[in-house]
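Q: Data file data-v5.txt (compact mmCIF, N, CA and C atoms) is appended below.
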# COMPACT_ATOMS: atom_id res chain seq x y z
N MET N 1 0.86 -1.18 0.00
CA MET N 1 0.00 0.00 0.00
C MET N 1 0.90 1.23 0.00
N ASN N 2 0.65 2.11 -0.91
CA ASN N 2 1.43 3.34 -1.01
C ASN N 2 0.85 4.37 -0.04
N THR N 3 1.44 4.41 1.15
CA THR N 3 0.90 5.27 2.20
C THR N 3 1.03 6.75 1.86
N GLU N 4 2.05 7.09 1.12
CA GLU N 4 2.23 8.50 0.75
C GLU N 4 1.09 8.97 -0.15
N ILE N 5 0.68 8.13 -1.09
CA ILE N 5 -0.44 8.50 -1.97
C ILE N 5 -1.75 8.57 -1.18
N ILE N 6 -1.93 7.67 -0.23
CA ILE N 6 -3.13 7.73 0.62
C ILE N 6 -3.19 9.08 1.32
N LYS N 7 -2.12 9.45 1.96
CA LYS N 7 -2.07 10.73 2.69
C LYS N 7 -2.24 11.91 1.75
N THR N 8 -1.50 11.90 0.66
CA THR N 8 -1.52 13.02 -0.28
C THR N 8 -2.90 13.19 -0.90
N SER N 9 -3.53 12.10 -1.28
CA SER N 9 -4.84 12.21 -1.92
C SER N 9 -5.90 12.68 -0.92
N TRP N 10 -5.82 12.20 0.33
CA TRP N 10 -6.79 12.68 1.33
C TRP N 10 -6.56 14.16 1.61
N ASN N 11 -5.30 14.57 1.70
CA ASN N 11 -5.00 15.98 1.90
C ASN N 11 -5.46 16.83 0.71
N ALA N 12 -5.40 16.26 -0.50
CA ALA N 12 -5.85 16.98 -1.69
C ALA N 12 -7.35 17.24 -1.66
N LEU N 13 -8.06 16.45 -0.87
CA LEU N 13 -9.51 16.65 -0.74
C LEU N 13 -9.87 17.66 0.35
N ALA N 14 -8.88 18.23 1.01
CA ALA N 14 -9.16 19.23 2.04
C ALA N 14 -10.04 20.33 1.43
N GLY N 15 -11.07 20.67 2.13
CA GLY N 15 -12.02 21.65 1.62
C GLY N 15 -13.10 21.04 0.75
N ARG N 16 -12.90 19.77 0.33
CA ARG N 16 -13.89 19.07 -0.51
C ARG N 16 -14.28 17.72 0.09
N ARG N 17 -13.86 17.47 1.30
CA ARG N 17 -14.11 16.15 1.90
C ARG N 17 -15.61 15.89 2.09
N LEU N 18 -16.33 16.88 2.57
CA LEU N 18 -17.77 16.68 2.74
C LEU N 18 -18.42 16.46 1.38
N GLU N 19 -18.03 17.23 0.39
CA GLU N 19 -18.55 17.04 -0.97
C GLU N 19 -18.26 15.62 -1.47
N PHE N 20 -17.05 15.15 -1.22
CA PHE N 20 -16.67 13.81 -1.62
C PHE N 20 -17.54 12.75 -0.93
N ILE N 21 -17.69 12.88 0.39
CA ILE N 21 -18.46 11.89 1.15
C ILE N 21 -19.93 11.93 0.75
N GLU N 22 -20.47 13.11 0.52
CA GLU N 22 -21.86 13.21 0.06
C GLU N 22 -22.01 12.53 -1.31
N ALA N 23 -21.05 12.77 -2.19
CA ALA N 23 -21.10 12.14 -3.52
C ALA N 23 -20.99 10.62 -3.38
N PHE N 24 -20.16 10.15 -2.47
CA PHE N 24 -20.02 8.72 -2.22
C PHE N 24 -21.36 8.12 -1.80
N TYR N 25 -22.01 8.69 -0.78
CA TYR N 25 -23.27 8.13 -0.32
C TYR N 25 -24.37 8.25 -1.36
N ASP N 26 -24.40 9.35 -2.11
CA ASP N 26 -25.38 9.48 -3.20
C ASP N 26 -25.22 8.33 -4.19
N ARG N 27 -23.98 8.06 -4.56
CA ARG N 27 -23.70 6.98 -5.51
C ARG N 27 -24.03 5.61 -4.91
N LEU N 28 -23.67 5.42 -3.65
CA LEU N 28 -23.94 4.15 -2.97
C LEU N 28 -25.45 3.86 -2.96
N PHE N 29 -26.24 4.85 -2.59
CA PHE N 29 -27.69 4.65 -2.49
C PHE N 29 -28.35 4.55 -3.86
N GLU N 30 -27.76 5.20 -4.85
CA GLU N 30 -28.28 5.08 -6.21
C GLU N 30 -28.04 3.68 -6.76
N ARG N 31 -26.85 3.17 -6.54
CA ARG N 31 -26.49 1.84 -7.04
C ARG N 31 -27.11 0.71 -6.24
N TYR N 32 -27.20 0.92 -4.94
CA TYR N 32 -27.66 -0.13 -4.02
C TYR N 32 -28.74 0.46 -3.11
N PRO N 33 -29.94 0.66 -3.62
CA PRO N 33 -30.99 1.34 -2.84
C PRO N 33 -31.31 0.67 -1.50
N ARG N 34 -31.08 -0.62 -1.40
CA ARG N 34 -31.40 -1.31 -0.15
C ARG N 34 -30.56 -0.81 1.03
N TYR N 35 -29.41 -0.20 0.75
CA TYR N 35 -28.56 0.30 1.83
C TYR N 35 -29.14 1.56 2.47
N ARG N 36 -29.98 2.28 1.76
CA ARG N 36 -30.50 3.55 2.28
C ARG N 36 -31.19 3.36 3.63
N GLU N 37 -31.93 2.27 3.78
CA GLU N 37 -32.67 2.03 5.01
C GLU N 37 -31.77 1.75 6.22
N LEU N 38 -30.50 1.49 5.97
CA LEU N 38 -29.56 1.22 7.06
C LEU N 38 -29.03 2.50 7.70
N PHE N 39 -29.33 3.64 7.09
CA PHE N 39 -28.77 4.91 7.53
C PHE N 39 -29.88 5.87 7.95
N PRO N 40 -29.52 6.83 8.81
CA PRO N 40 -30.54 7.80 9.24
C PRO N 40 -30.96 8.70 8.08
N GLU N 41 -32.14 9.28 8.22
CA GLU N 41 -32.64 10.19 7.19
C GLU N 41 -31.70 11.38 7.02
N LYS N 42 -31.29 11.95 8.13
CA LYS N 42 -30.34 13.07 8.10
C LYS N 42 -28.94 12.49 8.24
N MET N 43 -28.12 12.71 7.25
CA MET N 43 -26.84 12.03 7.16
C MET N 43 -25.65 12.81 7.71
N GLY N 44 -25.88 13.98 8.28
CA GLY N 44 -24.77 14.82 8.73
C GLY N 44 -23.78 14.12 9.64
N ALA N 45 -24.29 13.46 10.67
CA ALA N 45 -23.40 12.76 11.61
C ALA N 45 -22.68 11.60 10.93
N GLN N 46 -23.38 10.90 10.04
CA GLN N 46 -22.76 9.79 9.30
C GLN N 46 -21.63 10.31 8.41
N HIS N 47 -21.87 11.43 7.76
CA HIS N 47 -20.82 12.02 6.91
C HIS N 47 -19.59 12.33 7.76
N GLU N 48 -19.81 12.90 8.93
CA GLU N 48 -18.68 13.25 9.80
C GLU N 48 -17.92 12.00 10.25
N ARG N 49 -18.66 10.94 10.59
CA ARG N 49 -17.99 9.68 11.00
C ARG N 49 -17.15 9.11 9.86
N MET N 50 -17.67 9.19 8.65
CA MET N 50 -16.93 8.67 7.49
C MET N 50 -15.67 9.50 7.24
N ILE N 51 -15.80 10.81 7.33
CA ILE N 51 -14.64 11.68 7.18
C ILE N 51 -13.60 11.35 8.24
N GLU N 52 -14.05 11.13 9.46
CA GLU N 52 -13.15 10.77 10.56
C GLU N 52 -12.44 9.45 10.29
N MET N 53 -13.19 8.45 9.82
CA MET N 53 -12.60 7.13 9.57
C MET N 53 -11.54 7.20 8.47
N ILE N 54 -11.87 7.85 7.36
CA ILE N 54 -10.91 7.94 6.26
C ILE N 54 -9.72 8.80 6.68
N GLY N 55 -9.98 9.84 7.44
CA GLY N 55 -8.89 10.68 7.95
C GLY N 55 -7.95 9.89 8.85
N ALA N 56 -8.51 9.03 9.69
CA ALA N 56 -7.67 8.19 10.56
C ALA N 56 -6.80 7.26 9.73
N LEU N 57 -7.39 6.68 8.68
CA LEU N 57 -6.60 5.81 7.81
C LEU N 57 -5.46 6.59 7.17
N ALA N 58 -5.76 7.77 6.66
CA ALA N 58 -4.72 8.59 6.02
C ALA N 58 -3.63 8.97 7.03
N GLN N 59 -4.03 9.32 8.23
CA GLN N 59 -3.07 9.74 9.25
C GLN N 59 -2.14 8.60 9.68
N PHE N 60 -2.70 7.41 9.82
CA PHE N 60 -1.93 6.27 10.35
C PHE N 60 -1.58 5.24 9.28
N ALA N 61 -1.68 5.61 8.02
CA ALA N 61 -1.47 4.65 6.94
C ALA N 61 -0.12 3.96 7.02
N ASP N 62 0.90 4.65 7.48
CA ASP N 62 2.23 4.03 7.53
C ASP N 62 2.52 3.41 8.90
N HIS N 63 1.54 3.40 9.78
CA HIS N 63 1.68 2.76 11.10
C HIS N 63 0.29 2.27 11.52
N ILE N 64 -0.08 1.09 11.07
CA ILE N 64 -1.44 0.57 11.17
C ILE N 64 -1.89 0.20 12.59
N PRO N 65 -1.03 -0.25 13.50
CA PRO N 65 -1.53 -0.71 14.81
C PRO N 65 -2.51 0.24 15.52
N PRO N 66 -2.31 1.55 15.51
CA PRO N 66 -3.32 2.41 16.17
C PRO N 66 -4.71 2.34 15.51
N LEU N 67 -4.75 1.94 14.24
CA LEU N 67 -6.02 1.85 13.53
C LEU N 67 -6.79 0.57 13.84
N GLU N 68 -6.09 -0.46 14.26
CA GLU N 68 -6.70 -1.77 14.40
C GLU N 68 -7.94 -1.77 15.30
N PRO N 69 -7.87 -1.25 16.53
CA PRO N 69 -9.08 -1.27 17.35
C PRO N 69 -10.18 -0.37 16.79
N TYR N 70 -9.79 0.74 16.21
CA TYR N 70 -10.77 1.68 15.66
C TYR N 70 -11.57 1.06 14.51
N LEU N 71 -10.86 0.52 13.51
CA LEU N 71 -11.55 -0.05 12.35
C LEU N 71 -12.28 -1.34 12.70
N SER N 72 -11.72 -2.12 13.60
CA SER N 72 -12.41 -3.32 14.05
C SER N 72 -13.72 -2.94 14.74
N ASN N 73 -13.70 -1.89 15.51
CA ASN N 73 -14.91 -1.43 16.19
C ASN N 73 -15.95 -0.93 15.18
N VAL N 74 -15.51 -0.31 14.10
CA VAL N 74 -16.45 0.10 13.05
C VAL N 74 -17.18 -1.13 12.51
N GLY N 75 -16.44 -2.19 12.26
CA GLY N 75 -17.07 -3.44 11.81
C GLY N 75 -18.02 -3.98 12.86
N PHE N 76 -17.58 -3.97 14.12
CA PHE N 76 -18.42 -4.47 15.21
C PHE N 76 -19.74 -3.69 15.29
N GLN N 77 -19.66 -2.38 15.11
CA GLN N 77 -20.86 -1.54 15.16
C GLN N 77 -21.82 -1.83 14.00
N HIS N 78 -21.31 -2.36 12.90
CA HIS N 78 -22.13 -2.67 11.74
C HIS N 78 -22.72 -4.09 11.77
N ARG N 79 -22.38 -4.89 12.74
CA ARG N 79 -22.81 -6.29 12.76
C ARG N 79 -24.32 -6.44 12.77
N ARG N 80 -25.02 -5.53 13.42
CA ARG N 80 -26.48 -5.63 13.53
C ARG N 80 -27.19 -5.38 12.19
N THR N 81 -26.48 -4.81 11.22
CA THR N 81 -27.10 -4.48 9.93
C THR N 81 -27.16 -5.67 8.99
N GLY N 82 -26.45 -6.75 9.32
CA GLY N 82 -26.41 -7.90 8.43
C GLY N 82 -25.45 -7.73 7.27
N ILE N 83 -24.51 -6.80 7.39
CA ILE N 83 -23.51 -6.56 6.35
C ILE N 83 -22.71 -7.84 6.12
N ARG N 84 -22.47 -8.14 4.83
CA ARG N 84 -21.70 -9.32 4.43
C ARG N 84 -20.52 -8.89 3.57
N ALA N 85 -19.69 -9.84 3.21
CA ALA N 85 -18.50 -9.54 2.42
C ALA N 85 -18.84 -8.84 1.11
N ASP N 86 -19.90 -9.26 0.42
CA ASP N 86 -20.23 -8.61 -0.85
C ASP N 86 -20.67 -7.16 -0.64
N ASP N 87 -21.27 -6.86 0.52
CA ASP N 87 -21.64 -5.49 0.82
C ASP N 87 -20.40 -4.61 1.00
N VAL N 88 -19.40 -5.17 1.65
CA VAL N 88 -18.15 -4.43 1.86
C VAL N 88 -17.47 -4.18 0.51
N GLU N 89 -17.54 -5.15 -0.38
CA GLU N 89 -16.99 -4.95 -1.74
C GLU N 89 -17.76 -3.86 -2.48
N ASN N 90 -19.07 -3.80 -2.32
CA ASN N 90 -19.86 -2.74 -2.94
C ASN N 90 -19.45 -1.38 -2.41
N PHE N 91 -19.20 -1.31 -1.11
CA PHE N 91 -18.74 -0.09 -0.48
C PHE N 91 -17.40 0.34 -1.08
N LYS N 92 -16.48 -0.61 -1.15
CA LYS N 92 -15.14 -0.33 -1.70
C LYS N 92 -15.24 0.15 -3.15
N ARG N 93 -15.99 -0.57 -3.96
CA ARG N 93 -16.13 -0.23 -5.37
C ARG N 93 -16.72 1.19 -5.53
N THR N 94 -17.73 1.50 -4.72
CA THR N 94 -18.35 2.82 -4.80
C THR N 94 -17.39 3.90 -4.35
N PHE N 95 -16.63 3.63 -3.31
CA PHE N 95 -15.63 4.60 -2.83
C PHE N 95 -14.62 4.88 -3.94
N LEU N 96 -14.09 3.83 -4.56
CA LEU N 96 -13.08 4.01 -5.60
C LEU N 96 -13.65 4.74 -6.82
N GLU N 97 -14.88 4.42 -7.20
CA GLU N 97 -15.51 5.11 -8.32
C GLU N 97 -15.72 6.60 -8.01
N THR N 98 -16.13 6.88 -6.79
CA THR N 98 -16.34 8.28 -6.39
C THR N 98 -15.01 9.02 -6.37
N LEU N 99 -14.00 8.40 -5.82
CA LEU N 99 -12.67 9.02 -5.76
C LEU N 99 -12.16 9.33 -7.16
N ALA N 100 -12.41 8.45 -8.11
CA ALA N 100 -11.95 8.67 -9.49
C ALA N 100 -12.58 9.91 -10.09
N GLY N 101 -13.74 10.33 -9.59
CA GLY N 101 -14.42 11.50 -10.10
C GLY N 101 -13.94 12.81 -9.51
N PHE N 102 -12.96 12.77 -8.62
CA PHE N 102 -12.42 13.97 -7.99
C PHE N 102 -10.99 14.18 -8.48
N PRO N 103 -10.81 15.05 -9.48
CA PRO N 103 -9.47 15.26 -10.04
C PRO N 103 -8.47 15.79 -9.01
N MET N 104 -7.25 15.30 -9.13
CA MET N 104 -6.15 15.72 -8.26
C MET N 104 -4.87 15.68 -9.09
N GLU N 105 -3.86 16.31 -8.56
CA GLU N 105 -2.56 16.27 -9.24
C GLU N 105 -1.76 15.06 -8.77
N ILE N 106 -2.40 13.91 -8.83
CA ILE N 106 -1.79 12.63 -8.47
C ILE N 106 -2.16 11.68 -9.58
N ASP N 107 -1.21 10.87 -10.01
CA ASP N 107 -1.50 9.91 -11.05
C ASP N 107 -2.75 9.12 -10.69
N PRO N 108 -3.80 9.18 -11.51
CA PRO N 108 -5.07 8.52 -11.14
C PRO N 108 -4.94 7.02 -10.96
N ASP N 109 -4.14 6.36 -11.78
CA ASP N 109 -3.98 4.91 -11.64
C ASP N 109 -3.28 4.56 -10.33
N ALA N 110 -2.25 5.31 -10.00
CA ALA N 110 -1.53 5.06 -8.74
C ALA N 110 -2.43 5.35 -7.54
N ARG N 111 -3.22 6.39 -7.64
CA ARG N 111 -4.14 6.74 -6.55
C ARG N 111 -5.17 5.63 -6.34
N GLN N 112 -5.76 5.16 -7.43
CA GLN N 112 -6.76 4.09 -7.32
C GLN N 112 -6.13 2.82 -6.77
N ARG N 113 -4.93 2.50 -7.22
CA ARG N 113 -4.23 1.31 -6.76
C ARG N 113 -3.93 1.41 -5.25
N ALA N 114 -3.49 2.58 -4.80
CA ALA N 114 -3.17 2.77 -3.38
C ALA N 114 -4.41 2.59 -2.51
N TRP N 115 -5.53 3.15 -2.94
CA TRP N 115 -6.76 3.02 -2.15
C TRP N 115 -7.33 1.60 -2.24
N GLN N 116 -7.19 0.98 -3.39
CA GLN N 116 -7.61 -0.43 -3.52
C GLN N 116 -6.84 -1.27 -2.51
N GLU N 117 -5.55 -1.06 -2.44
CA GLU N 117 -4.72 -1.81 -1.49
C GLU N 117 -5.08 -1.46 -0.05
N ALA N 118 -5.39 -0.20 0.22
CA ALA N 118 -5.79 0.19 1.58
C ALA N 118 -7.04 -0.57 2.01
N PHE N 119 -7.99 -0.69 1.09
CA PHE N 119 -9.19 -1.47 1.40
C PHE N 119 -8.85 -2.94 1.59
N ASP N 120 -8.10 -3.50 0.65
CA ASP N 120 -7.84 -4.94 0.68
C ASP N 120 -6.92 -5.37 1.81
N GLU N 121 -5.97 -4.53 2.17
CA GLU N 121 -4.96 -4.90 3.16
C GLU N 121 -5.27 -4.42 4.57
N VAL N 122 -6.07 -3.35 4.70
CA VAL N 122 -6.29 -2.76 6.02
C VAL N 122 -7.78 -2.66 6.36
N ILE N 123 -8.52 -1.89 5.59
CA ILE N 123 -9.90 -1.57 5.96
C ILE N 123 -10.76 -2.83 6.04
N ILE N 124 -10.78 -3.61 4.97
CA ILE N 124 -11.67 -4.77 4.94
C ILE N 124 -11.27 -5.83 5.97
N PRO N 125 -10.00 -6.20 6.08
CA PRO N 125 -9.67 -7.21 7.11
C PRO N 125 -10.02 -6.77 8.53
N LEU N 126 -9.78 -5.50 8.86
CA LEU N 126 -10.10 -5.03 10.21
C LEU N 126 -11.60 -4.90 10.42
N PHE N 127 -12.31 -4.45 9.40
CA PHE N 127 -13.76 -4.36 9.46
C PHE N 127 -14.35 -5.76 9.66
N ASP N 128 -13.86 -6.71 8.86
CA ASP N 128 -14.33 -8.10 8.98
C ASP N 128 -14.04 -8.68 10.35
N GLN N 129 -12.90 -8.32 10.91
CA GLN N 129 -12.54 -8.78 12.26
C GLN N 129 -13.60 -8.33 13.26
N GLY N 130 -14.06 -7.10 13.13
CA GLY N 130 -15.11 -6.58 14.00
C GLY N 130 -16.44 -7.26 13.77
N LEU N 131 -16.77 -7.52 12.50
CA LEU N 131 -18.02 -8.24 12.19
C LEU N 131 -18.01 -9.63 12.82
N GLU N 132 -16.88 -10.31 12.70
CA GLU N 132 -16.77 -11.66 13.27
C GLU N 132 -16.87 -11.64 14.78
N ARG N 133 -16.32 -10.61 15.39
CA ARG N 133 -16.40 -10.48 16.85
C ARG N 133 -17.86 -10.38 17.29
N GLY N 134 -18.69 -9.82 16.45
CA GLY N 134 -20.11 -9.68 16.77
C GLY N 134 -20.87 -10.98 16.67
N HIS N 135 -20.26 -11.99 16.05
CA HIS N 135 -20.95 -13.28 15.86
C HIS N 135 -20.47 -14.35 16.83
N ASP N 136 -19.67 -13.94 17.81
CA ASP N 136 -19.18 -14.92 18.80
C ASP N 136 -20.29 -15.39 19.71
Once more with this new file: its structure as structure tokens, please.

A:
Amino acid sequence: MNTEIIKTSWNALAGRRLEFIEAFYDRLFERYPRYRELFPEKMGAQHERMIEMIGALAQFADHIPPLEPYLSNVGFQHRRTGIRADDVENFKRTFLETLAGFPMEIDPDARQRAWQEAFDEVIIPLFDQGLERGHD
């Protein structure tokens, strides 16, 4: 995972992070309408939590241990929704598609690859760890 690109791309969204997260959820609910019922009608707090989560990943991308309990807990908190592996893949795919729509002065292929790896190597395994903890 290219931690420098993760940090740089998240920093490049400064001032546009809320716009990015809103675009992400709009796309997620458009593509997968069944997810809408899992979220509150007013999404402000959810947007802030998502910005916080992605910000934490960007901040600690080159030193993952501080992220482990945080991201695992995010998965644990989602256990009641019935989220499965294919749902997490839908989330990842939507995130990457949304990110591709936000131009930056970073090679788009390298940026997409770095975030793909962040999901595959960090976000999804830790999220899944939390989901599994909920099924004990």

Q: Please provide the set of residues having any atom within 5 Å of Ser72 in chain N, restricted to all atoms listed in the file, with same-chain residues fewer than 5 positions apart removed, written as JSON, numbers by chain.

A: {"N": [126, 127, 130]}

Q: Pick the closest to Phe95 in chain N from N:Leu28, N:Ile83, N:Leu18, N:Ile5: which is it, counting only N, CA and C atoms?

A: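 Ranked by minimum distance to Phe95 in chain N, first place goes to N:Leu28.
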
Q: Set the distance at 10 Å and use only C-alpha atoms: which residues neighbour Leu99 in chain N once local chain neighbours fewer than 5 positions away are removed? I'd like the list as a PDB file with N, CA and C atoms, in the coordinates of the input.

A:
ATOM      1  N   SER N   9      -3.530  12.100  -1.280  1.00  0.00           N
ATOM      2  CA  SER N   9      -4.840  12.210  -1.920  1.00  0.00           C
ATOM      3  C   SER N   9      -5.900  12.680  -0.920  1.00  0.00           C
ATOM      4  N   TRP N  10      -5.820  12.200   0.330  1.00  0.00           N
ATOM      5  CA  TRP N  10      -6.790  12.680   1.330  1.00  0.00           C
ATOM      6  C   TRP N  10      -6.560  14.160   1.610  1.00  0.00           C
ATOM      7  N   LEU N  13      -8.060  16.450  -0.870  1.00  0.00           N
ATOM      8  CA  LEU N  13      -9.510  16.650  -0.740  1.00  0.00           C
ATOM      9  C   LEU N  13      -9.870  17.660   0.350  1.00  0.00           C
ATOM     10  N   PHE N  20     -17.050  15.150  -1.220  1.00  0.00           N
ATOM     11  CA  PHE N  20     -16.670  13.810  -1.620  1.00  0.00           C
ATOM     12  C   PHE N  20     -17.540  12.750  -0.930  1.00  0.00           C
ATOM     13  N   ILE N  21     -17.690  12.880   0.390  1.00  0.00           N
ATOM     14  CA  ILE N  21     -18.460  11.890   1.150  1.00  0.00           C
ATOM     15  C   ILE N  21     -19.930  11.930   0.750  1.00  0.00           C
ATOM     16  N   ALA N  23     -21.050  12.770  -2.190  1.00  0.00           N
ATOM     17  CA  ALA N  23     -21.100  12.140  -3.520  1.00  0.00           C
ATOM     18  C   ALA N  23     -20.990  10.620  -3.380  1.00  0.00           C
ATOM     19  N   PHE N  24     -20.160  10.150  -2.470  1.00  0.00           N
ATOM     20  CA  PHE N  24     -20.020   8.720  -2.220  1.00  0.00           C
ATOM     21  C   PHE N  24     -21.360   8.120  -1.800  1.00  0.00           C
ATOM     22  N   ARG N  93     -15.990  -0.570  -3.960  1.00  0.00           N
ATOM     23  CA  ARG N  93     -16.130  -0.230  -5.370  1.00  0.00           C
ATOM     24  C   ARG N  93     -16.720   1.190  -5.530  1.00  0.00           C
ATOM     25  N   THR N  94     -17.730   1.500  -4.720  1.00  0.00           N
ATOM     26  CA  THR N  94     -18.350   2.820  -4.800  1.00  0.00           C
ATOM     27  C   THR N  94     -17.390   3.900  -4.350  1.00  0.00           C
ATOM     28  N   MET N 104      -7.250  15.300  -9.130  1.00  0.00           N
ATOM     29  CA  MET N 104      -6.150  15.720  -8.260  1.00  0.00           C
ATOM     30  C   MET N 104      -4.870  15.680  -9.090  1.00  0.00           C
ATOM     31  N   PRO N 108      -3.800   9.180 -11.510  1.00  0.00           N
ATOM     32  CA  PRO N 108      -5.070   8.520 -11.140  1.00  0.00           C
ATOM     33  C   PRO N 108      -4.940   7.020 -10.960  1.00  0.00           C
ATOM     34  N   ARG N 111      -3.220   6.390  -7.640  1.00  0.00           N
ATOM     35  CA  ARG N 111      -4.140   6.740  -6.550  1.00  0.00           C
ATOM     36  C   ARG N 111      -5.170   5.630  -6.340  1.00  0.00           C
ATOM     37  N   GLN N 112      -5.760   5.160  -7.430  1.00  0.00           N
ATOM     38  CA  GLN N 112      -6.760   4.090  -7.320  1.00  0.00           C
ATOM     39  C   GLN N 112      -6.130   2.820  -6.770  1.00  0.00           C
ATOM     40  N   TRP N 115      -5.530   3.150  -2.940  1.00  0.00           N
ATOM     41  CA  TRP N 115      -6.760   3.020  -2.150  1.00  0.00           C
ATOM     42  C   TRP N 115      -7.330   1.600  -2.240  1.00  0.00           C
TER      43      TRP N 115
END

Q: Starting from the point (-7.6, 1.7, 9.2), work out which residues of protein, DNA or RNA have an atom no more than 6 Å away when counting only N, CA and C atoms; state them as a list in words.

A: Ala56, Leu57, Leu67, Glu68, Leu71, Val122 and Ile123 of chain N

Q: Given the selection you just returned, output its residues as a file containing N, CA and C atoms, formatted as a PDB file, keeping the file's coordinate frame.

A:
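Here's the written file out_16.pdb:
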ATOM      1  N   ALA N  56      -8.510   9.030   9.690  1.00  0.00           N
ATOM      2  CA  ALA N  56      -7.670   8.190  10.560  1.00  0.00           C
ATOM      3  C   ALA N  56      -6.800   7.260   9.730  1.00  0.00           C
ATOM      4  N   LEU N  57      -7.390   6.680   8.680  1.00  0.00           N
ATOM      5  CA  LEU N  57      -6.600   5.810   7.810  1.00  0.00           C
ATOM      6  C   LEU N  57      -5.460   6.590   7.170  1.00  0.00           C
ATOM      7  N   LEU N  67      -4.750   1.940  14.240  1.00  0.00           N
ATOM      8  CA  LEU N  67      -6.020   1.850  13.530  1.00  0.00           C
ATOM      9  C   LEU N  67      -6.790   0.570  13.840  1.00  0.00           C
ATOM     10  N   GLU N  68      -6.090  -0.460  14.260  1.00  0.00           N
ATOM     11  CA  GLU N  68      -6.700  -1.770  14.400  1.00  0.00           C
ATOM     12  C   GLU N  68      -7.940  -1.770  15.300  1.00  0.00           C
ATOM     13  N   LEU N  71     -10.860   0.520  13.510  1.00  0.00           N
ATOM     14  CA  LEU N  71     -11.550  -0.050  12.350  1.00  0.00           C
ATOM     15  C   LEU N  71     -12.280  -1.340  12.700  1.00  0.00           C
ATOM     16  N   VAL N 122      -6.070  -3.350   4.700  1.00  0.00           N
ATOM     17  CA  VAL N 122      -6.290  -2.760   6.020  1.00  0.00           C
ATOM     18  C   VAL N 122      -7.780  -2.660   6.360  1.00  0.00           C
ATOM     19  N   ILE N 123      -8.520  -1.890   5.590  1.00  0.00           N
ATOM     20  CA  ILE N 123      -9.900  -1.570   5.960  1.00  0.00           C
ATOM     21  C   ILE N 123     -10.760  -2.830   6.040  1.00  0.00           C
TER      22      ILE N 123
END

Q: Using only N, CA and C atoms, which residue out of N:Glu117, N:Ala12, N:Arg27, N:Arg17 lies closest to Thr98 in chain N?

A: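 Counting only N, CA and C atoms, the residue closest to Thr98 in chain N is N:Arg27.
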
Q: Looking at all atoms listed in the file, which of N:Asn90, N:Arg79, N:Met43, N:Ala61 is the one that sits closest to Asn2 in chain N?

A: N:Ala61

Q: Pick the closest to Gly75 in chain N from N:Arg133, N:His47, N:Lys92, N:Arg31: which is it, counting all atoms listed in the file?

A: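 Going through N:Arg133, N:His47, N:Lys92, N:Arg31 one by one, the smallest distance to Gly75 in chain N is for N:Arg133.
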
Q: Can you measure atom C of Asp86 in chain N to CA of Arg16 in chain N for me? One decimal in Å is fine.

A: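 Value for the atom C of Asp86 in chain N-CA of Arg16 in chain N distance: 27.1 Å.
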
Q: For Thr8 in chain N, which of N:Ala110, N:Ala58, N:Ile64, N:Leu96 is the closest residue, counting only N, CA and C atoms?

A: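 For Thr8 in chain N, the nearest of the given residues is N:Ala58.
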
Q: To one decimal place in Å, what is the distance between atom C of Arg80 in chain N and CA of Gly55 in chain N?

A: 24.7 Å

Q: For a test of reading the model, state the distance in Å between CA of Gln129 in chain N and CA of Glu52 in chain N, rounded to one decimal.

A: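 Taking CA of Gln129 in chain N and CA of Glu52 in chain N, their separation equals 19.6 Å.
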
Q: Using only C-alpha atoms, which of N:His78, N:Arg49, N:Arg113, N:Arg34 sits nearest Ile6 in chain N?

A: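 Of N:His78, N:Arg49, N:Arg113, N:Arg34, the one nearest Ile6 in chain N is N:Arg113, counting only C-alpha atoms.
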
Q: For range 40-58 of chain N, take all atoms listed in the file, fit an axis-aligned box around them, add 6 Å to each of the six sides, then output centre and edge lengths in Å rounded to one decimal, as lines of an AutoDock Vina configuration file.

A:
center_x = -18.1
center_y = 10.3
center_z = 8.8
size_x = 41.0
size_y = 21.0
size_z = 17.6
